[in-house]
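Asker: A single structure is presented below for examination.
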Amino acid sequence: MQYQSQKVAMPYFIAAIGLFTGQILFGLIMGLQYVMGDFLFPAIPFNVARMVHTNLLIVWLLFGFMGAAYYMIPEETESELFSPKLAWLMFWIFLVAGALTIVGYLLVPYAGLAKMTFNDLWPTMGREFLEQPLPTKLGIVVVALAFLFNISMTILKGRKTSIALVLLMGLWGLAVFFLFSFYNPSNLVLDKYFWWWTVHLWVEGVWELILGSLLAFVLIKVTGVDREIIEKWLYIIVAMTLITGIIGTGHHYYWIGTPEYWQWFGSVFSALEPIPFFMMTVFAFTMVNRRRREHPNKAATLWALGTGVMSFLGAGVWGFLHTLAPVNFYTHGTQITAAHGHMAFYGAYVMVVLTIISYAMPVMRGRAANSEKAQVMEMWSFWLMTVAIVFITLFLTAAGILQVWLQRVSDTPMGFMAAQDQVTLFYWLREISGVIFLIGLITYIASFFVGGETKEAA
Amino acid sequence: MSTPSIVLHSHKPGSPPGDLAIWFFIFAELLAFGIFFGSYAFSRAHHVELFNQSQLLLNRESGAINALVLITSSYFVVRAVAAIKQGLDRECANWLAAAIGLGCVFVVIKLFEFHAKFSAGISLSTNTFYMFYLSLTIFHFMHVILGMVILAAVMLKARRGGYTPEEHTGVETGASYWHMVDLVWVVLFPLVYVIR
Amino acid sequence: MSQAFTKSMARNIFFGGSAFFFLLLVALTFDTMQVLPKRDHRENITPAVERGKMVWEKNDCIGCHTLLGEGAYFAPELGNVYKRRGGEFVKAWIKSQPTKVPGRRQMPQFNLTDQELDDMVAFLKWTGEINTSKWPPNIEG
């Protein structure tokens, strides 16, 4: 570790992994509720479990992004963090606010939580992924601004690399587009239209800038390839991402009351959205093949390559599968969407955060890489989790295709619950894959505690 | 750190002229236009009557003039590249200025056309044909403006003597982009205005 | 790697391309805002519809159901439930939850007042009248 202040990333990464575990546990609860409807009812109804599952995902990824930024920025700018104290303070504020919110979801009926947190004054709750009470939303804004201030000031006083610049743009974009979550008009169509400006422009826009810069950073470190080369690929990839992804927002505007030309704009541009993901895959493999050094951290390299492949499969291929308007007419709002969501989030964002953790954690613990034994265990966890998510996706896709067929395409369409009963088998198989994912995650956490001989950090 | 080395030839034989990065961009743009054109053809096959009727209301003359304008401007850009290869930066800048001037002519003609359509109450939601007509032409229109901005930047640099016969990648890059903009119109005009 | 592939050009394309397409999104959004009143029938958004949307949000209905295809996929689509079931059925259904049938998916009892139930139905009725380009494919949603 070259700079003392980088170490502030450590609590962020630990919190991220902790919340990740919570996310998976609630995922398993929901998976079981799909087949045993009254499981844990009425203690944890499905909507509560889902809120916890998705909100934990968002929060832990944000922890991961912030930790990554705190780790990368001092090294990129070649200067200590502007204020490590502020980073620590924000860590605790974010963690406590996040924990209180989750506890609130679990212990208080949602309507009561809305009342307690003054939702009547400025209603923003009860919309998918943006369920957080107003104080939490405001807290996120405060934490994000303090974080951005800290990072921006560090970049201002130090070396300005392209990786730092792209990361900074992604992080600022994240904060700016979150502001749309405060806009909740009583007209549902307008509400949905601008809701996507947070949700889509996050995951298919600015988050991909963060993803690209994290991946580029780790690739420079583990391959030793020239920064010039990596950075120009980074620019081209994020350029393609935004060129296709911004108008790609249109693939959410097919059936929510918006004009019909969106079916064309959405289809054309989102058909191109796999291109940047494909470039990312090629990029990761090319750089690793041209490596100029053998970095001892094999696990980090594996995660980086995995990110390239799985984000292409999940976001690129599974996204394309149902993005064209004539197809989406039948698949919109079915398990197909869920299948895509799981593999895309895992392949792109979960994996890139685990990549940077895999690279940075050993360094922060004073060694270039973990022991051989620990790495082998980490690679086992890589394969367990990745294969599990592939199967989750395949089973949900199968369930989705059947659902579409029975409920939407058939001449004698079945009702929703009748169709759900027909696909129970796939939900069971998905739940089993979920358990394997959890085993992978436990293996992953365990790998941090495996000792053995390690090399000192260079 | 690799330092940008001075390349003696403007580009390696066999590689495209200009900066390779612009070719990624051009490729993506042509793909987007290509899919749009394909969608147009697909959609037309389903609504031949509607498309033929609506097409009659388009101003073919202005479209044809604009095609000539853009082709001519492309020729000027070719002259600009030829000029810089001989080190005539003044002349290069003048040819580029002429090309930009024709770009302005295109824009003005197009604005009249759009104005006429909008005052007739035509919008993206009028029917499928006009959705395509407006989307494609406005999308292309924005490209013309972007192309003019690029050419202007190249022209200013040429005027300052920023290019040499050995190193003028920027001119070729701008020229490649402008040719793409021209090419798209040459396909778009017959497809949307003429072919019935 | 070709020498003529420069980082500054890649950066220019990134900035230029992003700005270009963001402007296009803004332009399309502007047009959408002009067209929407004809499709969402906002003149029919009564105070009851507004209150109904609040009831919908305060109970996190989207956590199980989809509305116009967006939400969770655990329970039926409700964008067209007014057409499928009618307002009285919807109210009776909400009041009678949970079914407590062993092994079946359960919907919580939200203890809505009569006023809230009426508002919810008004909201769902208005939602059902939005022009969604013929989606969903059939009444089952």
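We name chains A, B, ... following the order of the structure tokens; residues begin at 1 in each chain, and ligands are numbered from 1 as shown.
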For chain A against chain B, which residues fall within 9 Å using only C-alpha atoms, given as number ranges by chain?
Answerer: A: 226-229, 232, 236, 239-240, 243-244, 259-261, 264-265, 268-269, 271-272, 275
Asker: Those selected residues, please, written with C-alpha atoms and delivered as a JSON list (two decimals), in the first residue's frame.
Answerer:
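What landed in result-v5.json:
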[["chain", "number", "residue", "atom", "x", "y", "z"],
["A", 226, "ASP", "CA", 0.75, 0.27, -20.42],
["A", 227, "ARG", "CA", -1.65, 2.75, -18.84],
["A", 228, "GLU", "CA", -2.03, 4.59, -22.17],
["A", 229, "ILE", "CA", -3.43, 1.49, -23.83],
["A", 232, "LYS", "CA", -7.93, 4.53, -24.29],
["A", 236, "ILE", "CA", -13.93, 3.81, -26.01],
["A", 239, "ALA", "CA", -18.27, 6.03, -24.78],
["A", 240, "MET", "CA", -20.07, 3.08, -26.40],
["A", 243, "ILE", "CA", -23.97, 6.19, -26.73],
["A", 244, "THR", "CA", -26.11, 3.06, -26.66],
["A", 259, "PRO", "CA", -45.58, 7.42, -27.03],
["A", 260, "GLU", "CA", -45.12, 4.50, -29.36],
["A", 261, "TYR", "CA", -42.00, 5.77, -31.10],
["A", 264, "TRP", "CA", -38.32, 1.96, -32.14],
["A", 265, "PHE", "CA", -35.79, 4.08, -30.31],
["A", 268, "VAL", "CA", -32.62, 0.08, -31.95],
["A", 269, "PHE", "CA", -30.35, 1.46, -29.26],
["A", 271, "ALA", "CA", -29.95, -3.81, -29.50],
["A", 272, "LEU", "CA", -26.56, -2.10, -29.57],
["A", 275, "ILE", "CA", -21.46, -4.03, -27.89]]
Asker: Return as a PyMOL selection string the residues belonging to chain B that are within 7 Å of chain C, counting only C-alpha atoms.
Answerer: chain B and resi 18-21
Asker: Export, as a short mmCIF file (atom, residue, chain, number, x, y, z; two decimals), in the first residue's frame, the selected residues with N, CA and C atoms.
Answerer:
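Result written to selection39.cif:
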data_model
loop_
_atom_site.label_atom_id
_atom_site.label_comp_id
_atom_site.auth_asym_id
_atom_site.auth_seq_id
_atom_site.Cartn_x
_atom_site.Cartn_y
_atom_site.Cartn_z
N GLY B 18 -6.99 8.55 -40.59
CA GLY B 18 -7.50 9.19 -39.38
C GLY B 18 -7.25 8.34 -38.17
N ASP B 19 -7.80 8.81 -37.05
CA ASP B 19 -7.60 8.11 -35.79
C ASP B 19 -8.48 6.86 -35.74
N LEU B 20 -7.90 5.77 -35.29
CA LEU B 20 -8.67 4.52 -35.24
C LEU B 20 -9.91 4.67 -34.36
N ALA B 21 -9.79 5.48 -33.31
CA ALA B 21 -10.91 5.64 -32.38
C ALA B 21 -12.16 6.13 -33.11
#
Asker: Let me make sure I understand: among A:Phe391, A:Tyr110, A:Phe65, A:Phe320, which one has the smallest atom-to-atom distance to chain C if we use only C-alpha atoms?
Answerer: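 Ranking A:Phe391, A:Tyr110, A:Phe65, A:Phe320 by distance to chain C, first place goes to A:Tyr110.
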Asker: Run DSSP on the backbone and give me the residues of chain C it puts in strand (DSSP E), as a VMD selection string.
Answerer: chain C and resid 66 to 67 70 to 71
Asker: Write a file of the just-selected residues containing N, CA and C atoms, as a compact mmCIF listing (two decimals), in the first residue's frame.
Answerer:
# COMPACT_ATOMS: atom_id res chain seq x y z
N THR C 66 -46.89 -6.42 -9.92
CA THR C 66 -46.44 -5.49 -10.96
C THR C 66 -47.56 -4.50 -11.24
N LEU C 67 -47.18 -3.31 -11.68
CA LEU C 67 -48.14 -2.30 -12.12
C LEU C 67 -47.63 -1.81 -13.47
N GLU C 70 -44.17 -3.38 -14.11
CA GLU C 70 -43.00 -3.06 -13.31
C GLU C 70 -43.28 -3.32 -11.84
N GLY C 71 -42.32 -3.94 -11.17
CA GLY C 71 -42.50 -4.26 -9.77
C GLY C 71 -41.95 -5.63 -9.49
Asker: I want to know what sits within 8 Å of Asn187 (chain A), based on only C-alpha atoms, with residues of the same chain fewer than 6 positions away left out; could you give that as a list in words?
Answerer: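 Counting only the stated atoms, we get Arg42, Ile45 and Glu50 of chain C.
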Asker: Where does chain A meet chain C within 6 Å, residue by residue, with the nearest atom pair and distance in Å to one decimal for each, counting only C-alpha atoms, listed by chain and rising number, as CSV?
Answerer:
residue,atom,partner,partner_atom,distance
A:Met36,CA,C:Gly103,CA,5.0
A:Gly37,CA,C:Arg105,CA,3.5
A:Asp38,CA,C:Gly103,CA,5.3
A:Asn47,CA,C:Gly63,CA,4.0
A:Tyr110,CA,C:Asn59,CA,5.9
A:Ala111,CA,C:Lys58,CA,4.8
A:Gly126,CA,C:Glu57,CA,4.0
A:Ser186,CA,C:Glu50,CA,5.6
A:Lys232,CA,C:Lys7,CA,4.7
A:Tyr235,CA,C:Ala10,CA,5.5
A:Ile236,CA,C:Ala10,CA,5.6
A:Ala239,CA,C:Phe14,CA,4.2
A:Leu242,CA,C:Ser18,CA,5.6
A:Ile243,CA,C:Ser18,CA,5.9
A:Ile247,CA,C:Leu25,CA,6.0
A:Trp255,CA,C:Thr132,CA,4.7
A:Ile256,CA,C:Thr132,CA,5.5
A:Gly257,CA,C:Thr132,CA,4.5
A:His332,CA,C:Gly69,CA,5.8
A:Gly333,CA,C:Gly69,CA,4.2
A:Gly415,CA,C:Glu140,CA,5.4
A:Phe416,CA,C:Pro76,CA,5.6
Asker: If we count only C-alpha atoms, what is near Thr136 (chain A) at a cut-off of 9 Å, once residues fewer than 6 positions away on the same chain are taken out, given as a list in words?
Answerer: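 In the requested format, the answer is Ala97, Gly98, Leu100 and Thr101 of chain A.
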Asker: For the selection just defined, write its residues with C-alpha atoms to a file, as a JSON list (two decimals), in the first residue's frame.
Answerer:
[["chain", "number", "residue", "atom", "x", "y", "z"],
["A", 97, "ALA", "CA", -28.55, 4.90, 8.52],
["A", 98, "GLY", "CA", -28.59, 1.77, 6.37],
["A", 100, "LEU", "CA", -31.75, 1.58, 10.89],
["A", 101, "THR", "CA", -33.61, 1.55, 7.59]]
Asker: Quick one: residues within 10 Å of Phe114 (chain B), only C-alpha atoms counted, chain neighbours fewer than 6 positions away excluded, as a PDB file with C-alpha atoms, in the first residue's frame?
Answerer:
ATOM      1  CA  VAL B 108     -30.956  26.113 -43.296  1.00  0.00           C
ATOM      2  CA  ALA B 120     -48.649  21.355 -40.649  1.00  0.00           C
ATOM      3  CA  ILE B 122     -46.874  16.727 -38.065  1.00  0.00           C
ATOM      4  CA  LEU B 134     -38.664  12.799 -38.360  1.00  0.00           C
ATOM      5  CA  THR B 137     -33.834  13.240 -40.449  1.00  0.00           C
ATOM      6  CA  ILE B 138     -33.515  14.880 -37.028  1.00  0.00           C
TER       7      ILE B 138
END
Asker: Near region 142-156 of chain B, counting only C-alpha atoms, which residues have an atom at most 8 Å away, once you skip same-chain residues fewer than 4 positions from it, shown as a list in words?
Answerer: Cys92, Ala93, Asn94, Leu96, Ala97, Ile100, Gly103, Val107, Ile138, Arg160, Gly170, Val171, Gly174, Ala175, Tyr177, Trp178 and Val181 of chain B
Asker: If we count only C-alpha atoms and set the cut-off at 9 Å, which residues sit around Phe76 (chain B), ignoring sequence neighbours fewer than 3 positions away in its own chain? Please answer as a ChimeraX atom specification.
Answerer: /B:71-73,79-81,95-99
Asker: Store the residues of this selection in a file with N, CA and C atoms, as a CSV table (one decimal), in the first residue's frame.
Answerer:
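Output (result04.csv):
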chain,number,residue,atom,x,y,z
B,71,ILE,N,-22.7,16.3,-50.9
B,71,ILE,CA,-21.7,15.6,-51.8
B,71,ILE,C,-20.6,16.6,-52.1
B,72,THR,N,-21.1,17.8,-52.5
B,72,THR,CA,-20.1,18.9,-52.8
B,72,THR,C,-19.2,19.2,-51.6
B,73,SER,N,-19.8,19.3,-50.5
B,73,SER,CA,-19.0,19.6,-49.3
B,73,SER,C,-18.0,18.5,-49.0
B,79,ARG,N,-10.5,17.9,-50.9
B,79,ARG,CA,-9.5,18.9,-51.3
B,79,ARG,C,-8.7,19.4,-50.1
B,80,ALA,N,-9.4,19.6,-48.9
B,80,ALA,CA,-8.7,20.0,-47.7
B,80,ALA,C,-7.6,19.0,-47.3
B,81,VAL,N,-8.0,17.7,-47.4
B,81,VAL,CA,-7.0,16.7,-47.0
B,81,VAL,C,-5.8,16.8,-48.0
B,95,TRP,N,-10.7,25.3,-47.6
B,95,TRP,CA,-11.6,24.3,-48.1
B,95,TRP,C,-12.5,23.8,-47.0
B,96,LEU,N,-11.9,23.7,-45.8
B,96,LEU,CA,-12.8,23.3,-44.7
B,96,LEU,C,-13.9,24.3,-44.4
B,97,ALA,N,-13.5,25.6,-44.5
B,97,ALA,CA,-14.5,26.7,-44.3
B,97,ALA,C,-15.6,26.5,-45.4
B,98,ALA,N,-15.2,26.2,-46.6
B,98,ALA,CA,-16.2,26.1,-47.7
B,98,ALA,C,-17.1,24.9,-47.3
B,99,ALA,N,-16.6,23.8,-46.9
B,99,ALA,CA,-17.4,22.6,-46.5
B,99,ALA,C,-18.3,23.0,-45.4
